[in-house]
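Beneath this line is the structure, given in structure tokens, with notes to follow.
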Amino acid sequence: MSSLKKNAGSFVLVLVVLGLAAAVTRTAIAGPQTTPRERDRAAAERVENPPGQNPDTRIDRPEGELVGGLGVIEPREPEVRLSAGLAGRIAVIHVAEGDVVEAGAVLVELEHASEEAQLAAAEAEVAVAQATLVRTQRGVRVEELDAIGREADAAAARAELSRGVLSRLEQA
């Protein structure tokens, strides 16, 4: 039984080696896969048209002496990140890109309608509090005394009603 396992292991090893040899041979015979076809080369050729005919639309070259190339354009000085102390939507921008600004200059204005509304509400609350203070300092009016008395009578009646309900519940 052990000799059968030993032979099976050798057989698998031989199969793996033969498979790898076949793959390497096939790849070497196939040649490069990136060779362009002749008709693709012909389609890619640029042709200068005589004046008056349709120009080659595949390229758009500006006028003048130019230098072209691929690459990354980096600024001469490091970029500066700006952020506001408060979050909000921008209402007005006072500068344009590339402008030189002084330290502390206003660059943008944020929308502030909601803050103005909150300020008006707070000022109204202050006015109400001041009016209440003045009324308290001048004394209570007769109508207010009557209203306070009626509220006290109503509270006493509710208390008497509650006492009656409690006594009935205790008896039950």
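Identifiers for the structure tokens are assigned positionally: chains receive A, B, ... in sequence, residues are indexed from 1 per chain, and ligands are indexed from 1 in the order shown.
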query: Excluding same-chain residues fewer than 5 positions from region 88-97 of chain A, what lies within 6 Å of it counting only C-alpha atoms, as a list in words?
result: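 Returned residues: Leu107, Val108, Glu109, Leu110 and Glu111 of chain A.
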Output all heavy atoms for every residue in that selection, as a compact mmCIF listing (two decimals), in the first residue's frame.
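The resulting file, selection09.txt, is shown below:
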# COMPACT_ATOMS: atom_id res chain seq x y z
N LEU A 107 -11.99 87.93 2.95
CA LEU A 107 -11.95 87.17 1.70
C LEU A 107 -13.35 86.81 1.23
O LEU A 107 -13.66 86.94 0.06
CB LEU A 107 -11.11 85.90 1.88
CG LEU A 107 -9.68 86.10 2.38
CD1 LEU A 107 -9.00 84.76 2.57
CD2 LEU A 107 -8.90 86.98 1.44
N VAL A 108 -14.18 86.34 2.15
CA VAL A 108 -15.55 85.95 1.81
C VAL A 108 -16.48 86.38 2.94
O VAL A 108 -16.05 86.61 4.07
CB VAL A 108 -15.69 84.43 1.60
CG1 VAL A 108 -14.89 83.96 0.42
CG2 VAL A 108 -15.32 83.66 2.83
N GLU A 109 -17.75 86.49 2.59
CA GLU A 109 -18.79 86.73 3.60
C GLU A 109 -19.71 85.53 3.59
O GLU A 109 -20.09 85.04 2.53
CB GLU A 109 -19.59 87.99 3.28
CG GLU A 109 -18.84 89.27 3.50
CD GLU A 109 -19.71 90.49 3.21
OE1 GLU A 109 -20.95 90.41 3.41
OE2 GLU A 109 -19.17 91.50 2.77
N LEU A 110 -20.07 85.07 4.78
CA LEU A 110 -21.00 83.96 4.90
C LEU A 110 -22.42 84.49 4.99
O LEU A 110 -22.65 85.63 5.42
CB LEU A 110 -20.67 83.12 6.13
CG LEU A 110 -19.29 82.48 6.17
CD1 LEU A 110 -19.10 81.74 7.48
CD2 LEU A 110 -19.09 81.55 5.00
N GLU A 111 -23.39 83.66 4.58
CA GLU A 111 -24.79 84.04 4.73
C GLU A 111 -25.09 84.19 6.22
O GLU A 111 -24.66 83.37 7.03
CB GLU A 111 -25.70 82.95 4.12
CG GLU A 111 -25.62 82.89 2.62
CD GLU A 111 -26.52 81.81 2.05
OE1 GLU A 111 -27.13 81.04 2.82
OE2 GLU A 111 -26.62 81.75 0.83
- prompt: Could you pull out the alpha helix (DSSP H) residues of region 70-155 of chain A from DSSP and send them as number ranges by chain?
  reply: A: 113-138, 142-155
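Between CA of Ser83 (chain A) and CA of Gly104 (chain A) lies a distance of 13.3 Å.
Coordinates place CA of Gly139 (chain A) at a distance of 28.7 Å from CA of Ala120 (chain A).
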task: Could you check how far CA of Leu86 (chain A) sits from CA of Glu125 (chain A), in Å to one decimal?
output: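 We find that CA of Leu86 (chain A) and CA of Glu125 (chain A) lie 25.3 Å from each other.
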